[in-house]
Each structure stands twice: as C-alpha cells, then as structure tokens.
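Next up, start.tsv (TSV, C-alpha atoms and all ligand atoms):
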chain	number	residue	atom	x	y	z
A	1	MET	CA	78.25	105.80	89.35
A	2	ARG	CA	80.12	103.28	91.48
A	3	GLU	CA	82.09	104.39	94.49
A	4	LEU	CA	85.85	104.80	94.20
A	5	ARG	CA	87.74	104.38	97.46
A	6	LEU	CA	91.24	105.58	98.23
A	7	GLY	CA	93.44	103.21	100.19
A	8	VAL	CA	96.56	104.99	101.38
A	9	ASN	CA	99.72	102.92	101.49
A	10	ILE	CA	101.82	104.14	104.42
A	11	ASP	CA	104.84	101.86	103.91
A	12	HIS	CA	107.08	104.79	103.09
A	13	VAL	CA	106.46	106.49	106.41
A	14	ALA	CA	108.10	103.39	107.87
A	15	THR	CA	110.85	103.48	105.20
A	16	LEU	CA	111.94	106.86	106.57
A	17	ARG	CA	111.86	105.59	110.16
A	18	GLN	CA	113.79	102.41	109.36
A	19	ALA	CA	116.46	104.37	107.46
A	20	ARG	CA	117.70	105.75	110.78
A	21	GLY	CA	116.29	103.28	113.28
A	22	THR	CA	114.38	106.06	115.02
A	23	THR	CA	110.92	105.95	116.59
A	24	TYR	CA	109.70	108.68	114.23
A	25	PRO	CA	107.90	109.30	111.92
A	26	ASP	CA	105.12	107.48	113.75
A	27	VAL	CA	103.20	105.08	111.51
A	28	MET	CA	100.09	105.29	113.71
A	29	GLN	CA	100.13	109.09	113.52
A	30	ALA	CA	100.30	108.74	109.75
A	31	ALA	CA	97.38	106.30	109.85
A	32	SER	CA	95.22	108.74	111.86
A	33	CYS	CA	96.19	111.66	109.68
A	34	ALA	CA	95.41	109.82	106.42
A	35	PHE	CA	92.10	108.53	107.81
A	36	GLU	CA	91.04	111.96	109.04
A	37	ALA	CA	91.89	113.41	105.61
A	38	GLY	CA	89.49	110.97	103.95
A	39	ALA	CA	91.35	107.72	103.28
A	40	GLU	CA	88.77	104.94	103.15
A	41	GLY	CA	91.39	102.32	103.96
A	42	LEU	CA	95.06	101.90	104.76
A	43	THR	CA	97.48	99.52	103.11
A	44	VAL	CA	100.76	98.15	104.41
A	45	HIS	CA	103.08	95.58	102.86
A	46	LEU	CA	104.83	93.40	105.41
A	47	ARG	CA	107.77	92.34	103.28
A	48	GLU	CA	109.74	89.21	104.05
A	49	ASP	CA	112.89	91.33	104.59
A	50	ARG	CA	110.94	93.79	106.83
A	51	ARG	CA	112.52	96.71	104.98
A	52	HIS	CA	109.79	99.15	106.01
A	53	ILE	CA	106.65	98.04	107.87
A	54	GLN	CA	107.42	95.90	110.93
A	55	ASP	CA	105.32	93.22	112.61
A	56	ALA	CA	104.56	95.56	115.52
A	57	ASP	CA	103.16	98.16	113.09
A	58	VAL	CA	100.74	95.61	111.66
A	59	VAL	CA	99.66	94.53	115.15
A	60	ALA	CA	98.96	98.14	116.14
A	61	LEU	CA	97.12	98.93	112.89
A	62	CYS	CA	94.90	95.85	113.08
A	63	LYS	CA	93.98	96.71	116.70
A	64	TRP	CA	93.29	100.33	115.79
A	65	ALA	CA	90.28	99.42	113.63
A	66	ARG	CA	89.17	102.92	112.64
A	67	CYS	CA	89.14	101.94	108.98
A	68	PRO	CA	89.74	98.75	106.99
A	69	ILE	CA	93.37	97.61	106.86
A	70	ASN	CA	94.66	95.93	103.72
A	71	LEU	CA	97.69	93.78	104.51
A	72	GLU	CA	99.79	93.02	101.44
A	73	ILE	CA	101.65	89.75	101.76
A	74	ALA	CA	103.63	87.25	99.74
A	75	VAL	CA	102.06	83.82	99.40
A	76	THR	CA	104.13	82.12	102.11
A	77	ASP	CA	103.19	80.10	105.19
A	78	GLU	CA	104.81	82.71	107.45
A	79	MET	CA	102.77	85.57	105.99
A	80	LEU	CA	99.52	83.61	105.93
A	81	ALA	CA	100.03	82.73	109.62
A	82	ILE	CA	100.53	86.43	110.46
A	83	ALA	CA	97.46	87.49	108.48
A	84	THR	CA	95.18	84.87	110.02
A	85	ARG	CA	96.41	85.79	113.51
A	86	LEU	CA	95.97	89.56	113.09
A	87	LYS	CA	92.88	89.45	110.88
A	88	PRO	CA	93.08	92.61	108.76
A	89	ALA	CA	89.85	93.26	106.84
A	90	HIS	CA	91.61	92.65	103.52
A	91	SER	CA	94.76	90.99	102.33
A	92	CYS	CA	96.30	91.52	98.92
A	93	LEU	CA	98.49	88.64	97.75
A	94	VAL	CA	101.57	89.88	95.91
A	95	PRO	CA	104.65	88.29	94.36
A	96	GLU	CA	107.83	89.21	96.17
A	97	LYS	CA	111.48	89.15	95.23
A	98	ARG	CA	114.02	90.34	97.78
A	99	GLN	CA	116.14	92.25	95.26
A	100	GLU	CA	113.34	94.35	93.81
A	101	LEU	CA	112.90	98.02	94.74
A	102	THR	CA	109.14	97.62	94.84
A	103	THR	CA	106.58	95.05	93.67
A	104	GLU	CA	107.70	94.85	90.06
A	105	GLY	CA	105.06	92.61	88.51
A	106	GLY	CA	101.78	90.90	89.26
A	107	LEU	CA	101.22	87.32	90.39
A	108	ASP	CA	101.58	84.55	87.83
A	109	VAL	CA	98.22	83.03	88.72
A	110	ILE	CA	98.27	80.52	85.86
A	111	ALA	CA	101.52	78.96	87.08
A	112	ASN	CA	100.64	79.12	90.79
A	113	ARG	CA	96.90	78.63	90.72
A	114	GLU	CA	96.78	75.85	93.27
A	115	ARG	CA	98.98	77.56	95.87
A	116	ILE	CA	97.17	80.89	95.45
A	117	GLY	CA	93.80	79.16	95.64
A	118	GLN	CA	94.82	77.49	98.91
A	119	ALA	CA	95.96	80.85	100.31
A	120	CYS	CA	92.62	82.44	99.35
A	121	GLY	CA	90.86	79.59	101.17
A	122	VAL	CA	92.97	80.11	104.31
A	123	LEU	CA	92.23	83.85	104.27
A	124	ALA	CA	88.51	83.37	103.62
A	125	ALA	CA	88.28	80.90	106.53
A	126	ALA	CA	89.76	83.61	108.78
A	127	GLY	CA	87.19	86.16	107.55
A	128	ILE	CA	89.75	88.09	105.50
A	129	ARG	CA	88.79	89.29	102.02
A	130	ALA	CA	91.59	88.43	99.60
A	131	SER	CA	92.61	90.27	96.49
A	132	LEU	CA	95.20	89.20	93.92
A	133	PHE	CA	97.72	91.71	92.60
A	134	VAL	CA	97.83	90.93	88.89
A	135	ASP	CA	99.07	92.44	85.67
A	136	PRO	CA	96.36	93.62	83.26
A	137	ASP	CA	96.43	90.34	81.37
A	138	VAL	CA	92.99	88.93	80.54
A	139	GLU	CA	94.55	85.55	79.79
A	140	GLN	CA	94.94	85.07	83.53
A	141	LEU	CA	91.27	85.57	84.24
A	142	ASP	CA	90.15	81.93	84.21
A	143	ALA	CA	92.92	81.00	86.64
A	144	ILE	CA	92.06	83.99	88.85
A	145	ILE	CA	88.41	82.93	88.99
A	146	ALA	CA	89.46	79.36	89.82
A	147	THR	CA	91.32	80.57	92.94
A	148	GLY	CA	88.05	81.79	94.46
A	149	ALA	CA	89.50	85.25	95.20
A	150	PRO	CA	86.70	87.82	95.46
A	151	ALA	CA	88.82	90.72	94.17
A	152	ILE	CA	91.82	91.67	92.05
A	153	GLU	CA	94.13	94.65	92.19
A	154	ILE	CA	95.38	95.54	88.73
A	155	HIS	CA	99.07	96.50	88.64
A	156	THR	CA	99.17	99.97	87.10
A	157	GLY	CA	102.98	100.17	87.11
A	158	ALA	CA	103.52	99.66	83.37
A	159	TYR	CA	100.98	102.43	82.65
A	160	ALA	CA	102.62	104.74	85.20
A	161	ASP	CA	106.15	104.04	83.93
A	162	ALA	CA	105.35	104.45	80.21
A	163	GLN	CA	107.55	107.20	78.80
A	164	LEU	CA	105.72	107.71	75.52
A	165	GLU	CA	102.09	108.68	75.11
A	166	ALA	CA	101.48	105.81	72.65
A	167	GLU	CA	102.80	103.27	75.14
A	168	ARG	CA	100.73	104.80	77.94
A	169	GLU	CA	97.61	104.44	75.77
A	170	VAL	CA	98.41	100.77	75.13
A	171	GLN	CA	98.84	100.13	78.86
A	172	LEU	CA	95.66	102.05	79.71
A	173	ALA	CA	93.69	99.97	77.20
A	174	ARG	CA	95.02	96.76	78.82
A	175	ILE	CA	93.87	97.99	82.25
A	176	GLN	CA	90.46	98.98	80.89
A	177	ALA	CA	89.99	95.56	79.24
A	178	MET	CA	91.07	93.71	82.39
A	179	ALA	CA	88.78	95.79	84.63
A	180	LYS	CA	85.79	95.17	82.36
A	181	ALA	CA	86.38	91.43	82.00
A	182	ALA	CA	87.02	90.94	85.74
A	183	ASP	CA	83.91	92.91	86.64
A	184	GLU	CA	81.83	90.85	84.23
A	185	ALA	CA	83.18	87.75	85.94
A	186	GLY	CA	81.91	89.07	89.28
A	187	LEU	CA	85.26	90.15	90.74
A	188	GLU	CA	85.70	93.41	92.62
A	189	VAL	CA	88.34	95.47	90.86
A	190	HIS	CA	91.05	97.57	92.50
A	191	GLY	CA	94.14	99.20	91.05
A	192	GLY	CA	97.44	100.58	92.17
A	193	HIS	CA	101.14	101.17	91.78
A	194	GLY	CA	102.97	104.23	90.56
A	195	LEU	CA	99.90	106.46	90.56
A	196	HIS	CA	100.32	110.18	91.20
A	197	LEU	CA	98.35	113.39	90.79
A	198	ASP	CA	99.24	113.72	87.10
A	199	ASN	CA	98.38	110.18	85.98
A	200	VAL	CA	95.56	109.08	88.29
A	201	ALA	CA	92.63	110.60	86.36
A	202	ALA	CA	92.61	108.13	83.46
A	203	ILE	CA	92.58	105.22	85.91
A	204	ALA	CA	89.92	106.81	88.14
A	205	ARG	CA	87.68	107.16	85.06
A	206	ILE	CA	87.55	103.37	84.54
A	207	PRO	CA	84.04	102.72	85.86
A	208	GLN	CA	84.63	99.17	87.14
A	209	ILE	CA	87.52	100.15	89.45
A	210	GLN	CA	86.28	100.58	93.01
A	211	GLU	CA	89.49	101.14	94.94
A	212	LEU	CA	92.91	102.63	94.28
A	213	ASN	CA	95.83	101.92	96.60
A	214	ILE	CA	98.37	104.71	96.43
A	215	GLY	CA	101.41	105.31	98.58
A	216	HIS	CA	104.72	106.56	97.31
A	217	SER	CA	103.51	109.73	95.57
A	218	ILE	CA	101.26	110.69	98.50
A	219	VAL	CA	104.06	110.31	101.05
A	220	ALA	CA	106.42	112.21	98.70
A	221	GLN	CA	103.92	115.04	98.27
A	222	ALA	CA	103.45	115.15	102.05
A	223	ILE	CA	107.00	116.52	102.36
A	224	PHE	CA	105.76	119.75	100.83
A	225	VAL	CA	102.12	120.02	101.87
A	226	GLY	CA	101.66	117.68	104.83
A	227	LEU	CA	100.11	114.22	104.77
A	228	GLY	CA	96.50	115.31	105.29
A	229	GLU	CA	96.67	117.76	102.39
A	230	ALA	CA	98.40	115.19	100.16
A	231	VAL	CA	95.66	112.63	100.88
A	232	SER	CA	92.83	115.07	100.21
A	233	ALA	CA	94.42	116.30	96.98
A	234	MET	CA	94.59	112.70	95.74
A	235	ARG	CA	90.99	112.04	96.76
A	236	ASP	CA	89.84	115.18	94.98
A	237	ALA	CA	91.73	114.21	91.81
A	238	MET	CA	90.21	110.71	91.85
A	239	GLN	CA	86.66	111.78	92.65
A	240	GLY	CA	86.76	114.68	90.16
A	241	ALA	CA	87.82	112.33	87.34
A	242	ARG	CA	85.21	109.73	88.31
A	243	ARG	CA	82.40	112.33	88.33
A	244	GLU	CA	83.51	113.80	85.00
A	245	ALA	CA	83.49	110.36	83.41
A	246	ALA	CA	80.00	109.63	84.75
A	247	ASP	CA	78.49	112.91	83.41
B	301	LIG	N1	99.40	98.09	95.53
B	301	LIG	C1	100.35	97.14	95.72
B	301	LIG	C2	99.94	95.71	95.67
B	301	LIG	C3	101.69	97.50	96.01
B	301	LIG	O1	102.62	96.55	96.21
B	301	LIG	C4	102.01	98.87	96.13
B	301	LIG	C5	103.38	99.27	96.52
B	301	LIG	O2	103.70	98.77	97.77
B	301	LIG	C6	100.98	99.81	95.93
B	301	LIG	C7	99.69	99.39	95.61
B	301	LIG	C8	101.22	101.27	96.04
B	301	LIG	O3	102.12	101.67	95.06
B	301	LIG	P1	102.77	103.11	95.14
B	301	LIG	O4	103.53	103.18	96.42
B	301	LIG	O5	103.64	103.16	93.92
B	301	LIG	O6	101.64	104.10	95.12
So, in terms of structure tokens, how does the structure I just supplied come out?
Amino acid sequence: MRELRLGVNIDHVATLRQARGTTYPDVMQAASCAFEAGAEGLTVHLREDRRHIQDADVVALCKWARCPINLEIAVTDEMLAIATRLKPAHSCLVPEKRQELTTEGGLDVIANRERIGQACGVLAAAGIRASLFVDPDVEQLDAIIATGAPAIEIHTGAYADAQLEAEREVQLARIQAMAKAADEAGLEVHGGHGLHLDNVAAIARIPQIQELNIGHSIVAQAIFVGLGEAVSAMRDAMQGARREAAD
C-alpha cells in the first residue's frame, strides 16, 4: 500500500483575516496546529490579487520549515521569482483568473506546454519540486510529460461538484484513469479541490494517489470542532479508506 499524505491548505484562515484587515486569525498558528494534528504538508496559494495569503505569510511559512510547504502559483514571472527566492519544497502551477471564486479548472498544458515547461525548469533549478494542477484528461498526458514536471495534482472539483450519482461516477472514473496513466508514465500523483469528509473516501481509495491537498472543508469544519480535530478527522477518513481498499 502506498502512502497517502494530507496537505492542508490554509488559505481560508487568511481569507478570514483579510476580510477585516485584522492580525488574527494567525496563519502561523494555523500552520502549527495543522502540523501537530498530523498534516504532512501545508499548501498556500499566493494569488495575483493577494485576496487571502500575503507575501509575508509565505516568507514566514518557508522559514518555519517544520514540514514541506507547497506554494501554489500562477505561471507568471512575478510568481516564479517569488518561488525561487523563498524556495518552498514544492510548487504547484495553477491557472488563475482574477474573477474566479477559486481555481475553476486545470492548466491547459497542451496549449501552454512551452511556457509551463520553462517554469518547471526554473523551479527545478531552484531545487523546488513542481506539480501541475490538471483536469483528469488523459489527452494532456503527453504534453504534461514533455514539460518535465515530476508530479501532477488532479483537479477533483468536477467530481466534488457533481449533483447526480451518475455524474459523480463518470468524474470518478476520469480521475481513476488519469491517476493510473500518470503513474504508469512515472509521475507522482496528487489530488485536490472540493474534497470533504463525505466525498474523500472514493478518491483516497485510488491507489496511485499519494497526496491530497484539502483546505476549504477543513477550515469550515474547524469552526465547530477546532482546526486540530478537523485535520485529524480528515486524515482518519483518508487513511481508513486507503486501508480498506488495500485489504
Ligand atoms: N489544490 C489546488 C491546486 C487548489 O487551488 C486548491 C484551492 O486553493 C486546493 C487544492 C484545495 O481546494 P479546497 O480548498 O476546495 O479543499
């Protein structure tokens, strides 16, 4: 059975802080709390409009170094310069539109293969392991491989948003096919977006997936049970499903 890591996305701790321009809730306190509750990594998305995580948060997190930091960035010169200066362990390249509520789709690697490949090269030269946030679309695989990225993160949003069981099954099958094909091509496979306690099990059972990055539902659940408890409940749900599938 392969390991399955939980990366906790703490962007929405900063969303709450930025909503009022206060100094609380403290992103570093959230980082410690999630780590102590079992998070194997922490993810933050430094958006171009700085709507939640700020540059100073990323500086503090990268200095903190108690667990690997995954910095999500758009493929821009500004973001690549920040990543190579701060050197998080990992960096997930994502598409970004200012108007969107959250990252609404994966990268179009076929159309932007050269630019994404260059970005992967810049990150690799700085010792940062890149991943590409992509839709579960096996047609993109050749282009993904050509970029030299060592890992992908499969966008699970369409699966999470599916209203009907039949549609959810279709989306799950697409994720399963993508995970298998990417793994066979030698890529490390991650997943994330829209996952919560009631939908994570089917994704955690996919044997090739080695990391899930989950944020919004954990921070939402923390309102009722506290962040540490919300992180451990998610870990338990993921690990329980993975063990069941391996038996
Ligand atoms: N992975 C990526 C690349 C994302 O952009 C996000 C959202 O910022 C997540 C994972 C986490 O998604 P959610 O907050 O819905 O759990």
(request) May I have the residues within 6 Å of ligand LIG 301 (chain B), computed using all atoms listed in the file, as a VMD selection string? (result) chain A and resid 9 103 133 192 to 195 213 to 217
(message) So that I can see what lies close to Asp142 in chain A, please list as a ChimeraX atom specification the residues with an atom at most 12 Å from it, counting only C-alpha atoms and leaving out residues fewer than 6 positions away in the same chain.
(response) /A:109-110,113,148-149,178,181-182,185,187
Around (108.4, 102.1, 107.4), as given in the file, which residues come within 8 Å? Count all atoms listed in the file and list them as a CSV table (one decimal) with C-alpha atoms, in the coordinates of the input.
chain,number,residue,atom,x,y,z
A,10,ILE,CA,101.8,104.1,104.4
A,11,ASP,CA,104.8,101.9,103.9
A,12,HIS,CA,107.1,104.8,103.1
A,13,VAL,CA,106.5,106.5,106.4
A,14,ALA,CA,108.1,103.4,107.9
A,15,THR,CA,110.8,103.5,105.2
A,16,LEU,CA,111.9,106.9,106.6
A,17,ARG,CA,111.9,105.6,110.2
A,18,GLN,CA,113.8,102.4,109.4
A,27,VAL,CA,103.2,105.1,111.5
A,51,ARG,CA,112.5,96.7,105.0
A,52,HIS,CA,109.8,99.2,106.0
A,53,ILE,CA,106.6,98.0,107.9
A,54,GLN,CA,107.4,95.9,110.9
(request) In Å, rounded to a single decimal, give me how far CA of Glu36 in chain A is from CA of Ile73 in chain A. (result) 25.7 Å
(message) List as an MDAnalysis selection string the protein and nucleic acid residues near Ala74 in chain A, meaning an atom at most 9 Å away when only C-alpha atoms are counted, but skip any in the same chain fewer than 6 places from it.
(response) chainID A and resid 45:48 80 92:96
(request) Check the smallest atom-to-atom distance from each of A:Ala39, A:Val219, A:Leu227, A:Ala19 to Ile69 in chain A using all atoms listed in the file, then report the winner. (result) A:Ala39
